Structures are given as structure tokens and as C-alpha cells.
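Here is the file protein13.txt (compact mmCIF, C-alpha atoms).
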```txt
# COMPACT_ATOMS: atom_id res chain seq x y z
CA MET A 111 -8.57 15.07 40.49
CA ALA A 112 -12.08 14.75 39.08
CA SER A 113 -12.40 13.50 35.53
CA VAL A 114 -14.97 14.83 33.09
CA ALA A 115 -14.83 11.57 31.14
CA HIS A 116 -16.97 8.47 31.14
CA GLU A 117 -15.94 4.86 30.50
CA SER A 118 -16.69 4.70 26.77
CA SER A 119 -14.60 7.74 25.79
CA THR A 120 -10.99 8.22 24.87
CA VAL A 121 -9.69 10.15 27.85
CA VAL A 122 -6.58 12.32 27.91
CA ARG A 123 -4.97 13.41 31.17
CA ALA A 124 -2.21 16.03 31.03
CA VAL A 125 -0.13 16.59 34.17
CA PHE A 126 1.71 19.87 34.62
CA LYS A 127 4.00 21.09 37.39
CA ASP A 128 1.17 22.67 39.41
CA ALA A 129 -1.99 21.28 37.79
CA ALA A 130 -3.59 18.33 36.03
CA PHE A 131 -6.42 18.34 33.52
CA SER A 132 -8.51 15.57 31.94
CA PHE A 133 -10.60 15.82 28.80
CA ASN A 134 -12.43 13.63 26.30
CA LEU A 135 -11.07 13.28 22.79
CA ARG A 136 -13.57 12.97 19.95
CA HIS A 137 -14.08 9.58 18.30
CA GLN A 138 -12.24 10.26 15.01
CA ALA A 139 -9.45 12.43 16.48
CA THR A 140 -5.97 12.28 14.96
CA LEU A 141 -2.60 12.73 16.64
CA GLY A 142 -2.65 16.26 15.20
CA ASP A 143 -5.96 16.92 16.98
CA LEU A 144 -4.43 15.61 20.22
CA ALA A 145 -1.43 17.92 19.80
CA GLU A 146 -3.73 20.92 19.23
CA GLU A 147 -5.77 20.12 22.33
CA LEU A 148 -2.62 19.71 24.43
CA ALA A 149 -1.27 23.04 23.16
CA TYR A 150 -4.53 24.75 24.15
CA VAL A 151 -4.56 23.14 27.59
CA GLY A 152 -0.86 23.97 28.02
CA ARG A 153 -1.55 27.67 27.48
CA ARG A 154 -4.02 27.55 30.37
CA PHE A 155 -2.18 25.23 32.77
CA GLY A 156 1.51 25.99 32.52
CA GLY A 157 3.17 25.18 29.21
CA THR A 158 4.35 21.74 28.23
CA PRO A 159 2.92 18.90 30.33
CA LEU A 160 5.25 16.72 32.37
CA TYR A 161 3.39 13.69 31.04
CA VAL A 162 0.22 12.73 29.21
CA ASP A 163 -1.92 9.61 29.68
CA VAL A 164 -4.24 8.49 26.88
CA LEU A 165 -6.88 5.88 27.77
CA LEU A 166 -8.56 4.30 24.77
CA ARG A 167 -12.25 3.44 24.64
CA ASP A 168 -11.62 -0.02 26.05
CA GLY A 169 -10.03 1.52 29.16
CA ARG A 170 -6.45 0.36 28.61
CA PRO A 171 -3.59 2.89 28.44
CA VAL A 172 -1.92 3.25 25.05
CA GLY A 173 0.95 0.77 24.90
CA ALA A 174 -0.53 -1.51 27.58
CA VAL A 175 0.42 -5.14 27.18
CA ASP A 176 -1.71 -8.09 28.27
```
Before anything else, please render the file you have as C-alpha cells.
Amino acid sequence: MASVAHESSTVVRAVFKDAAFSFNLRHQATLGDLAEELAYVGRRFGGTPLYVDVLLRDGRPVGAVD
């Protein structure tokens, strides 16, 4: 899967049953903004995603522990 993101962005990857989609999230986005984006993507790619990865600007997944 090709990503449209670059290293300094917050990247969201949503995985559906038959598709996956990655997108950049704007700098000041809220959890509400994330939910709206996922709802939009879900309408195009098959409803509720099976899982969602969020990579913060420093490249670590949310919840990652050192």
C-alpha cells in the first residue's frame, strides 16, 4: 500500500475488510476531526475500519512505549 504521507506528518491508516487507506491529518486536528475523516473514508471504503493506526509527527505509533 502506498502512503501519501511524509515523515513529518501525523499519518492515519485505516484498514477495512477489502481495502486500506492512508491520509495526513492536519497539525491542530482534534479527535473529533479524526472521527469525521474516518467516517468520510469509511463511506468510500466499506464502513467501519477493522483497525486504525495513528503515527504522530515523531514517527511513533500512539501508545508506543520506549
Have a look at CA of Gln138 in chain A and CA of Arg154 in chain A and let me know their distance in Å, one decimal.
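Computed distance, CA of Gln138 in chain A to CA of Arg154 in chain A, equals 24.5 Å.
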Shortest interatomic distance to Thr120 in chain A - which of A:Val151, A:Val162, A:Leu144, A:Leu135, counting all atoms listed in the file
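Result for the nearest residue to Thr120 in chain A: A:Leu135.
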With 7 Å as the threshold, what does the neighbourhood of (1.4, 23.8, 33.4) contain in terms of residues, counting only C-alpha atoms? Coordinates are those of the file; answer as an MDAnalysis selection string.
chainID A and resid 126:129 152 155:159
Export of prior selection with C-alpha atoms as a PDB file, keeping the file's coordinate frame:
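Saved as out_39.pdb:
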```pdb
ATOM      1  CA  PHE A 126       1.710  19.870  34.620  1.00  0.00           C
ATOM      2  CA  LYS A 127       4.000  21.090  37.390  1.00  0.00           C
ATOM      3  CA  ASP A 128       1.170  22.670  39.410  1.00  0.00           C
ATOM      4  CA  ALA A 129      -1.990  21.280  37.790  1.00  0.00           C
ATOM      5  CA  GLY A 152      -0.860  23.970  28.020  1.00  0.00           C
ATOM      6  CA  PHE A 155      -2.180  25.230  32.770  1.00  0.00           C
ATOM      7  CA  GLY A 156       1.510  25.990  32.520  1.00  0.00           C
ATOM      8  CA  GLY A 157       3.170  25.180  29.210  1.00  0.00           C
ATOM      9  CA  THR A 158       4.350  21.740  28.230  1.00  0.00           C
ATOM     10  CA  PRO A 159       2.920  18.900  30.330  1.00  0.00           C
TER      11      PRO A 159
END
```
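With all atoms listed in the file as the atoms that count, the residue of A:Ala130, A:Ala124, A:Leu141, A:Leu148 with the shortest distance to Tyr161 in chain A is A:Ala124.
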Output requested as a PDB file, in the coordinates of the input - range 127-140 of chain A, filled out with N, CA, C and O atoms.
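Contents of result.pdb, as written:
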```pdb
ATOM      1  N   LYS A 127       3.302  20.911  36.116  1.00  0.00           N
ATOM      2  CA  LYS A 127       4.000  21.090  37.390  1.00  0.00           C
ATOM      3  C   LYS A 127       3.045  21.365  38.537  1.00  0.00           C
ATOM      4  O   LYS A 127       3.161  20.769  39.600  1.00  0.00           O
ATOM      5  N   ASP A 128       2.069  22.259  38.333  1.00  0.00           N
ATOM      6  CA  ASP A 128       1.170  22.670  39.410  1.00  0.00           C
ATOM      7  C   ASP A 128      -0.299  22.340  39.154  1.00  0.00           C
ATOM      8  O   ASP A 128      -1.168  22.810  39.890  1.00  0.00           O
ATOM      9  N   ALA A 129      -0.590  21.572  38.123  1.00  0.00           N
ATOM     10  CA  ALA A 129      -1.990  21.280  37.790  1.00  0.00           C
ATOM     11  C   ALA A 129      -2.084  20.008  36.962  1.00  0.00           C
ATOM     12  O   ALA A 129      -1.094  19.552  36.401  1.00  0.00           O
ATOM     13  N   ALA A 130      -3.285  19.464  36.905  1.00  0.00           N
ATOM     14  CA  ALA A 130      -3.590  18.330  36.030  1.00  0.00           C
ATOM     15  C   ALA A 130      -4.965  18.581  35.431  1.00  0.00           C
ATOM     16  O   ALA A 130      -5.825  19.207  36.055  1.00  0.00           O
ATOM     17  N   PHE A 131      -5.156  18.101  34.211  1.00  0.00           N
ATOM     18  CA  PHE A 131      -6.420  18.340  33.520  1.00  0.00           C
ATOM     19  C   PHE A 131      -6.768  17.119  32.686  1.00  0.00           C
ATOM     20  O   PHE A 131      -5.909  16.572  31.994  1.00  0.00           O
ATOM     21  N   SER A 132      -8.030  16.684  32.748  1.00  0.00           N
ATOM     22  CA  SER A 132      -8.510  15.570  31.940  1.00  0.00           C
ATOM     23  C   SER A 132      -9.575  16.060  30.972  1.00  0.00           C
ATOM     24  O   SER A 132     -10.369  16.940  31.304  1.00  0.00           O
ATOM     25  N   PHE A 133      -9.578  15.478  29.779  1.00  0.00           N
ATOM     26  CA  PHE A 133     -10.600  15.820  28.800  1.00  0.00           C
ATOM     27  C   PHE A 133     -10.875  14.633  27.892  1.00  0.00           C
ATOM     28  O   PHE A 133     -10.064  13.721  27.784  1.00  0.00           O
ATOM     29  N   ASN A 134     -12.052  14.651  27.268  1.00  0.00           N
ATOM     30  CA  ASN A 134     -12.430  13.630  26.300  1.00  0.00           C
ATOM     31  C   ASN A 134     -11.924  14.026  24.920  1.00  0.00           C
ATOM     32  O   ASN A 134     -11.959  15.205  24.568  1.00  0.00           O
ATOM     33  N   LEU A 135     -11.510  13.053  24.166  1.00  0.00           N
ATOM     34  CA  LEU A 135     -11.070  13.280  22.790  1.00  0.00           C
ATOM     35  C   LEU A 135     -12.131  12.691  21.873  1.00  0.00           C
ATOM     36  O   LEU A 135     -12.604  11.570  22.100  1.00  0.00           O
ATOM     37  N   ARG A 136     -12.500  13.427  20.842  1.00  0.00           N
ATOM     38  CA  ARG A 136     -13.570  12.970  19.950  1.00  0.00           C
ATOM     39  C   ARG A 136     -13.212  11.652  19.281  1.00  0.00           C
ATOM     40  O   ARG A 136     -12.043  11.293  19.150  1.00  0.00           O
ATOM     41  N   HIS A 137     -14.212  10.938  18.826  1.00  0.00           N
ATOM     42  CA  HIS A 137     -14.080   9.580  18.300  1.00  0.00           C
ATOM     43  C   HIS A 137     -13.065   9.471  17.157  1.00  0.00           C
ATOM     44  O   HIS A 137     -12.238   8.571  17.163  1.00  0.00           O
ATOM     45  N   GLN A 138     -13.099  10.337  16.189  1.00  0.00           N
ATOM     46  CA  GLN A 138     -12.240  10.260  15.010  1.00  0.00           C
ATOM     47  C   GLN A 138     -11.001  11.152  15.107  1.00  0.00           C
ATOM     48  O   GLN A 138     -10.401  11.498  14.090  1.00  0.00           O
ATOM     49  N   ALA A 139     -10.580  11.511  16.295  1.00  0.00           N
ATOM     50  CA  ALA A 139      -9.450  12.430  16.480  1.00  0.00           C
ATOM     51  C   ALA A 139      -8.150  11.815  15.958  1.00  0.00           C
ATOM     52  O   ALA A 139      -7.934  10.606  16.026  1.00  0.00           O
ATOM     53  N   THR A 140      -7.290  12.681  15.439  1.00  0.00           N
ATOM     54  CA  THR A 140      -5.970  12.280  14.960  1.00  0.00           C
ATOM     55  C   THR A 140      -4.921  12.697  15.984  1.00  0.00           C
ATOM     56  O   THR A 140      -5.214  13.430  16.937  1.00  0.00           O
TER      57      THR A 140
END
```
